[in-house]
Protein chains: 2
Amino acid sequence: MTKSTISSLRRLYERELLSSVVPFWERHSMDREQGGYFSCLERDGKVFDGDKFLWMQGRELWCFSRLHRAIRPEPRWLELAAHGASFIRERGRAPDGDYWFALDRTGKPLVQPYNIFSDFFCAAGFAEYGKASGELWARELASSSWRRILERRSNPKGVWTKQISENRPVKAMGMPMMLLWMAEVMQGIAAREELEAIVEEALGQIFSIHVDRGREAVFERVFADGSHPDCMEGRLLNPGHALETLWFAMRAAERKGDWDMIGRAQEAMLWTIERGWDKRHGGIFYYQDYEGLPPEKLESDMKLWWVHVEALCAFLLAYKLTGDPGCEAWFDRIHAWTWSHFPDPEYGEWYGYLDRRGDVAMSLKGGKWKGLFHLPRALMECGSWLAQMEATCPEGSYVAPRAGGRQ
Amino acid sequence: MTKSTISSLRRLYERELLSSVVPFWERHSMDREQGGYFSCLERDGKVFDGDKFLWMQGRELWCFSRLHRAIRPEPRWLELAAHGASFIRERGRAPDGDYWFALDRTGKPLVQPYNIFSDFFCAAGFAEYGKASGELWARELASSSWRRILERRSNPKGVWTKQISENRPVKAMGMPMMLLWMAEVMQGIAAREELEAIVEEALGQIFSIHVDRGREAVFERVFADGSHPDCMEGRLLNPGHALETLWFAMRAAERKGDWDMIGRAQEAMLWTIERGWDKRHGGIFYYQDYEGLPPEKLESDMKLWWVHVEALCAFLLAYKLTGDPGCEAWFDRIHAWTWSHFPDPEYGEWYGYLDRRGDVAMSLKGGKWKGLFHLPRALMECGSWLAQMEATCPEGSYVAPRAGGRQ
């Protein structure tokens, strides 16, 4: 990439974040009467369901707090974060401290705390809010929620577990992926040694059993020895999830200066996108079966916003660190498809759910599973990486730290 | 319909059942090594997952037994039923007698008995098998499973319940729908008075709260007073499920000679199809939101085989009973779309999952949720109704029992 391309991309990613995505949620997502955030927002921002899903509450709290820390200390963002933080603090937790999965608009619980990812996102929200606001109670709540996550993580669904895991003891990639991200978010709140150990353990699981060099694929669920149960779940690929995990891992490897691991992550990103890209209609599939057999999920061939923005993060970071032209080409290709299909120039924000051909399948901007999270995070990360690349780029083309075999 | 049209349709439905659908499962679905039925079958019948889902095991047992009773006493069908019956009897139940949700190929349990519909389908399978084979143990197992269903039905998910129902106490239509069908299947096994009371209760719930004449729609989840929670689940429409429920209700009403109720079911069928039919691409949507807001499920606009065959049953039965030209026209329209999109003339059986445009989205013939059930049941029911219509049809056009306002 030339310096001027990098500069244009940086401006595009920053402008989309600050002129389209964030304003949409600032305008439509605040429940000024009952507290917390609305996440079910129609194309034009109309609220179509007032239920409060704790994944979405915690993620939006994280996002406004992060904007304040990472973009600029805008008082409005801190205020919008405080608005969510007090609702989650007051209504988000069951008596045992675990986070409900869903509340009704007024804060009455609707769904039990069966899902530990509610705890992850709320802990992340309070951690980031604590750092942005300086509120001690928020840091303490992040810390106690984190302790509880560590207690629960070997049996995350507790009494609501339906799987009989002794008869098919698979490891899911969701847990090490989340722990990698949380280890960044909890910096300054949990002890550094504890977080470093968590990162090592997560990277170990990801690269020793999920990333399969023999099969050239990243598997969602594997046995502890890296072998694969011969069934739908054993063959399951989720390219967006793999790419998200791999860029977390690549960033952790960068911090450790582990260039071998950066190379392994990059290699796995390339397998994933080569298999996951839809050669007929473009875009990245949601789910795939490794053998090309029918996947379990009906929505497998849909094109989802989060898959595409995580893929952008993956290939931009890989290109930034390695300068690999294959990663640059994939970034360009995914960028072109993503930006020509997902944004809604009329009402702002992005569509979330396209059909295989790339037509809008659902008009919503937010829902039970789409909030203020993947898109603004990706725009912030990519914007910041592009700014770093722009700053170090010579007048010709970008040169990565390890490009051209330099050590 | 003319007598000759009726006759052609009857032959088509019978031939598809006996020359395409049933032979496919006879050939590919038997696990001769480990017992039970394979349900995950690729387009050509290849097994792509050996797990045994109890919904599918019970349904296939029901189907082979039913073929033996309803079509002809073919020894092969009884033998294939016996093959499944012994596997389900030996491996299907947890120590408390409830049916696991899933087993691995060898019969080891993988998923706890959290789902009462496993019990419904296995009880139905044993009931039908007991009647077909005369095996006393099968009738007794059907009877004890039925008793357990009646105990569990007010709290069907038991300890695995995630919903906090006191905060949004909705009634789901799945339960009365299943009870209506089971009341037919359990004839001769459970006491007649008990089954009659169950039918009355189910019809009461369906027509007093789910079928909403003011809004002209059939709602999946409603409060006990018929009012609607203002959220996605409160607005949820499932046209295939509504039409399946309505033809069960119409048949129950026919048995009671309740022509008023037949009329109410017919009216609700027409609301459902007028809203549920895709005006752009044809076919019936899977899920809809009553207000046209975004539905919760990503697969909402897909076209599913079971939705279409239940719709065929609904409008053929309505036409048979009432002679209504509107029902005849809808039957013709659904028949034309269904038969031109779902059957696979090359390998037999039908595709299950088409995208909105009617293209094949998943090539499988059977899976975790598609077995030998909706399609053969619909072909059997429609075939038998068409045979009755043919037998009573004068040389000109079909005349329904109540056509022309006769009382």
# chains A, B, ... in the order shown; residues from 1 in each chain; ligands from 1
>>> residues_around(residues="region 366-379 of chain A", least_positions_apart="2", cutoff="8 Å", atoms="only C-alpha atoms", output="list in words")
Tyr13, Glu14, Glu16, Leu17, Val21, Val22, Trp25, Ser39, Cys40, Leu41, Glu42, Phe53, Trp55, Met56, Arg59, Glu60, Cys63, Trp305, Trp306, Val309, Glu310, Leu312, Cys313, Gly352, Leu364, Glu381, Cys382 and Gly383 of chain A; Glu296 of chain B
>>> interface_residues(of="chain B", to="chain A", cutoff="7 Å", atoms="only C-alpha atoms", output="PyMOL selection string")
chain B and resi 48-50+108-112+160+162-164+167+231-232+293-294+298-299+362-364
>>> closest_residue(among="A:Glu346, A:Phe315, A:Asp278, A:Ser144", to="Asp332 (chain A)", atoms="only C-alpha atoms")
A:Phe315
>>> atom_distance(atom1="CA of Gly35 (chain A)", atom2="CA of Pro95 (chain A)")
20.0 Å
>>> residues_around(residues="region 122-131 of chain A", least_positions_apart="2", cutoff="6 Å", atoms="only C-alpha atoms", output="JSON, numbers by chain")
{"A": [58, 61, 62, 65, 119, 120, 133, 134, 135, 138, 139, 142, 145]}
>>> write_last_selection(atoms="N, CA, C and O atoms", output="PDB file, in the first residue's frame")
ATOM      1  N   GLY A  58     -23.423  -5.076  28.023  1.00  0.00           N
ATOM      2  CA  GLY A  58     -22.004  -5.026  28.391  1.00  0.00           C
ATOM      3  C   GLY A  58     -21.134  -4.532  27.238  1.00  0.00           C
ATOM      4  O   GLY A  58     -20.200  -3.749  27.439  1.00  0.00           O
ATOM      5  N   LEU A  61     -21.561  -0.730  26.779  1.00  0.00           N
ATOM      6  CA  LEU A  61     -20.817  -0.059  27.860  1.00  0.00           C
ATOM      7  C   LEU A  61     -19.320  -0.067  27.534  1.00  0.00           C
ATOM      8  O   LEU A  61     -18.631   0.954  27.674  1.00  0.00           O
ATOM      9  N   TRP A  62     -18.807  -1.220  27.112  1.00  0.00           N
ATOM     10  CA  TRP A  62     -17.400  -1.298  26.732  1.00  0.00           C
ATOM     11  C   TRP A  62     -17.092  -0.282  25.640  1.00  0.00           C
ATOM     12  O   TRP A  62     -16.092   0.438  25.698  1.00  0.00           O
ATOM     13  N   SER A  65     -17.068   3.475  26.601  1.00  0.00           N
ATOM     14  CA  SER A  65     -15.907   3.706  27.466  1.00  0.00           C
ATOM     15  C   SER A  65     -14.624   3.677  26.637  1.00  0.00           C
ATOM     16  O   SER A  65     -13.716   4.495  26.824  1.00  0.00           O
ATOM     17  N   ASP A 119     -21.341 -12.564  31.293  1.00  0.00           N
ATOM     18  CA  ASP A 119     -20.394 -12.138  32.327  1.00  0.00           C
ATOM     19  C   ASP A 119     -19.133 -11.549  31.699  1.00  0.00           C
ATOM     20  O   ASP A 119     -18.609 -10.531  32.158  1.00  0.00           O
ATOM     21  N   PHE A 120     -18.642 -12.204  30.641  1.00  0.00           N
ATOM     22  CA  PHE A 120     -17.463 -11.683  29.954  1.00  0.00           C
ATOM     23  C   PHE A 120     -17.706 -10.244  29.479  1.00  0.00           C
ATOM     24  O   PHE A 120     -16.896  -9.353  29.712  1.00  0.00           O
ATOM     25  N   SER A 133     -13.548   6.273  33.484  1.00  0.00           N
ATOM     26  CA  SER A 133     -14.193   7.209  34.421  1.00  0.00           C
ATOM     27  C   SER A 133     -13.401   7.381  35.700  1.00  0.00           C
ATOM     28  O   SER A 133     -13.626   8.332  36.445  1.00  0.00           O
ATOM     29  N   GLY A 134     -12.523   6.435  35.998  1.00  0.00           N
ATOM     30  CA  GLY A 134     -11.854   6.453  37.296  1.00  0.00           C
ATOM     31  C   GLY A 134     -12.734   5.973  38.448  1.00  0.00           C
ATOM     32  O   GLY A 134     -12.315   5.999  39.614  1.00  0.00           O
ATOM     33  N   GLU A 135     -13.933   5.491  38.146  1.00  0.00           N
ATOM     34  CA  GLU A 135     -14.839   5.038  39.223  1.00  0.00           C
ATOM     35  C   GLU A 135     -14.303   3.737  39.839  1.00  0.00           C
ATOM     36  O   GLU A 135     -14.205   2.711  39.160  1.00  0.00           O
ATOM     37  N   ALA A 138     -16.582   0.595  39.671  1.00  0.00           N
ATOM     38  CA  ALA A 138     -16.641  -0.107  38.388  1.00  0.00           C
ATOM     39  C   ALA A 138     -15.449  -1.051  38.249  1.00  0.00           C
ATOM     40  O   ALA A 138     -15.589  -2.194  37.796  1.00  0.00           O
ATOM     41  N   ARG A 139     -14.276  -0.585  38.660  1.00  0.00           N
ATOM     42  CA  ARG A 139     -13.092  -1.453  38.618  1.00  0.00           C
ATOM     43  C   ARG A 139     -13.293  -2.653  39.537  1.00  0.00           C
ATOM     44  O   ARG A 139     -12.918  -3.779  39.197  1.00  0.00           O
ATOM     45  N   ALA A 142     -15.718  -5.048  37.918  1.00  0.00           N
ATOM     46  CA  ALA A 142     -15.019  -5.771  36.840  1.00  0.00           C
ATOM     47  C   ALA A 142     -14.168  -6.879  37.445  1.00  0.00           C
ATOM     48  O   ALA A 142     -14.152  -8.019  36.959  1.00  0.00           O
ATOM     49  N   SER A 145     -16.310  -9.733  38.910  1.00  0.00           N
ATOM     50  CA  SER A 145     -16.936 -10.499  37.820  1.00  0.00           C
ATOM     51  C   SER A 145     -15.895 -11.389  37.138  1.00  0.00           C
ATOM     52  O   SER A 145     -16.184 -12.523  36.755  1.00  0.00           O
TER      53      SER A 145
END
>>> residues_around(residues="Tyr290 (chain B)", least_positions_apart="4", cutoff="9 Å", atoms="only C-alpha atoms", output="list in words")
Ala217, Phe219, Gly234, Arg235, Leu236 and Leu237 of chain B
>>> write_last_selection(atoms="N, CA, C and O atoms", output="PDB file, in the first residue's frame")
ATOM      1  N   ALA B 217     -54.756 -13.245  12.754  1.00  0.00           N
ATOM      2  CA  ALA B 217     -53.478 -13.961  12.709  1.00  0.00           C
ATOM      3  C   ALA B 217     -53.468 -15.025  13.798  1.00  0.00           C
ATOM      4  O   ALA B 217     -54.240 -14.963  14.760  1.00  0.00           O
ATOM      5  N   PHE B 219     -51.034 -16.551  16.518  1.00  0.00           N
ATOM      6  CA  PHE B 219     -49.797 -16.199  17.216  1.00  0.00           C
ATOM      7  C   PHE B 219     -49.207 -17.414  17.929  1.00  0.00           C
ATOM      8  O   PHE B 219     -49.933 -18.175  18.575  1.00  0.00           O
ATOM      9  N   GLY B 234     -43.656 -12.096  21.120  1.00  0.00           N
ATOM     10  CA  GLY B 234     -45.095 -11.826  21.136  1.00  0.00           C
ATOM     11  C   GLY B 234     -45.669 -11.584  19.748  1.00  0.00           C
ATOM     12  O   GLY B 234     -46.866 -11.736  19.524  1.00  0.00           O
ATOM     13  N   ARG B 235     -44.837 -11.174  18.828  1.00  0.00           N
ATOM     14  CA  ARG B 235     -45.307 -10.893  17.458  1.00  0.00           C
ATOM     15  C   ARG B 235     -45.008 -12.032  16.495  1.00  0.00           C
ATOM     16  O   ARG B 235     -45.312 -11.955  15.304  1.00  0.00           O
ATOM     17  N   LEU B 236     -44.420 -13.102  17.027  1.00  0.00           N
ATOM     18  CA  LEU B 236     -43.925 -14.181  16.159  1.00  0.00           C
ATOM     19  C   LEU B 236     -45.052 -14.944  15.460  1.00  0.00           C
ATOM     20  O   LEU B 236     -45.983 -15.420  16.096  1.00  0.00           O
ATOM     21  N   LEU B 237     -44.932 -15.061  14.152  1.00  0.00           N
ATOM     22  CA  LEU B 237     -45.827 -15.909  13.362  1.00  0.00           C
ATOM     23  C   LEU B 237     -44.976 -16.993  12.708  1.00  0.00           C
ATOM     24  O   LEU B 237     -43.859 -16.743  12.275  1.00  0.00           O
TER      25      LEU B 237
END
>>> select_by_dssp(residues="region 17-71 of chain B", states="helix (DSSP H, G or I)", output="JSON, numbers by chain")
{"B": [17, 18, 19, 20, 21, 22, 23, 24, 25, 26, 27, 28, 54, 55, 56, 57, 58, 59, 60, 61, 62, 63, 64, 65, 66, 67, 68, 69, 70]}
>>> write_last_selection(atoms="C-alpha atoms", output="compact mmCIF listing (two decimals), in the first residue's frame")
# COMPACT_ATOMS: atom_id res chain seq x y z
CA LEU B 17 -44.68 -41.76 -1.13
CA LEU B 18 -44.08 -45.31 -2.27
CA SER B 19 -41.65 -44.88 -5.15
CA SER B 20 -39.50 -42.00 -4.00
CA VAL B 21 -39.70 -41.08 -0.33
CA VAL B 22 -40.07 -44.35 1.56
CA PRO B 23 -37.56 -46.31 -0.57
CA PHE B 24 -34.91 -43.63 0.06
CA TRP B 25 -35.16 -44.16 3.82
CA GLU B 26 -35.45 -47.93 3.51
CA ARG B 27 -32.20 -47.94 1.58
CA HIS B 28 -30.11 -45.42 3.47
CA LEU B 54 -34.62 -39.05 19.53
CA TRP B 55 -37.08 -36.81 17.70
CA MET B 56 -35.99 -38.44 14.46
CA GLN B 57 -35.82 -41.99 15.90
CA GLY B 58 -39.37 -41.77 17.28
CA ARG B 59 -40.73 -40.20 14.11
CA GLU B 60 -39.26 -42.84 11.82
CA LEU B 61 -40.59 -45.60 14.07
CA TRP B 62 -44.00 -43.95 13.88
CA CYS B 63 -43.78 -43.68 10.12
CA PHE B 64 -42.87 -47.29 9.27
CA SER B 65 -45.52 -48.51 11.71
CA ARG B 66 -48.08 -46.15 10.24
CA LEU B 67 -47.32 -47.22 6.68
CA HIS B 68 -47.97 -50.80 7.76
CA ARG B 69 -51.31 -49.85 9.28
CA ALA B 70 -52.49 -47.24 6.81
>>> residues_around(residues="Asp212 (chain B)", least_positions_apart="2", cutoff="12 Å", atoms="only C-alpha atoms", output="PyMOL selection string")
chain B and resi 205-210+214-222+225-228+235+237+242+264-265+267-269+271-272+290
>>> residues_around(residues="Thr392 (chain A)", least_positions_apart="6", cutoff="12 Å", atoms="only C-alpha atoms", output="list of chain:residue names")
A:Thr2, A:Lys3, A:Ile6, A:Ser7, A:Lys320, A:Trp385, A:Leu386, A:Tyr398, A:Val399, A:Ala400, A:Pro401
>>> atom_distance(atom1="CA of Ala85 (chain B)", atom2="CA of Ile116 (chain B)")
18.5 Å
>>> residues_around(residues="Arg91 (chain B)", least_positions_apart="3", cutoff="6 Å", atoms="only C-alpha atoms", output="list in words")
Phe87, Ile88 and Gly107 of chain B
>>> atom_distance(atom1="CA of Ser118 (chain A)", atom2="CA of Pro239 (chain A)")
22.7 Å
>>> closest_residue(among="B:Trp146, B:Trp330, B:Trp247, B:Phe285", to="Gly358 (chain B)", atoms="only C-alpha atoms")
B:Phe285
>>> closest_residue(among="B:Ala336, B:Ala94, B:Leu270, B:Ile71", to="Asp324 (chain B)", atoms="only C-alpha atoms")
B:Leu270
>>> select_by_dssp(residues="region 3-90 of chain B", states="strand (DSSP E)", output="NGL selection string")
:B and (40-41 or 47-49 or 52-53)
>>> closest_residue(among="B:Ile273, B:Ala224, B:Leu243, B:Val360", to="Ala172 (chain B)", atoms="only C-alpha atoms")
B:Ala224
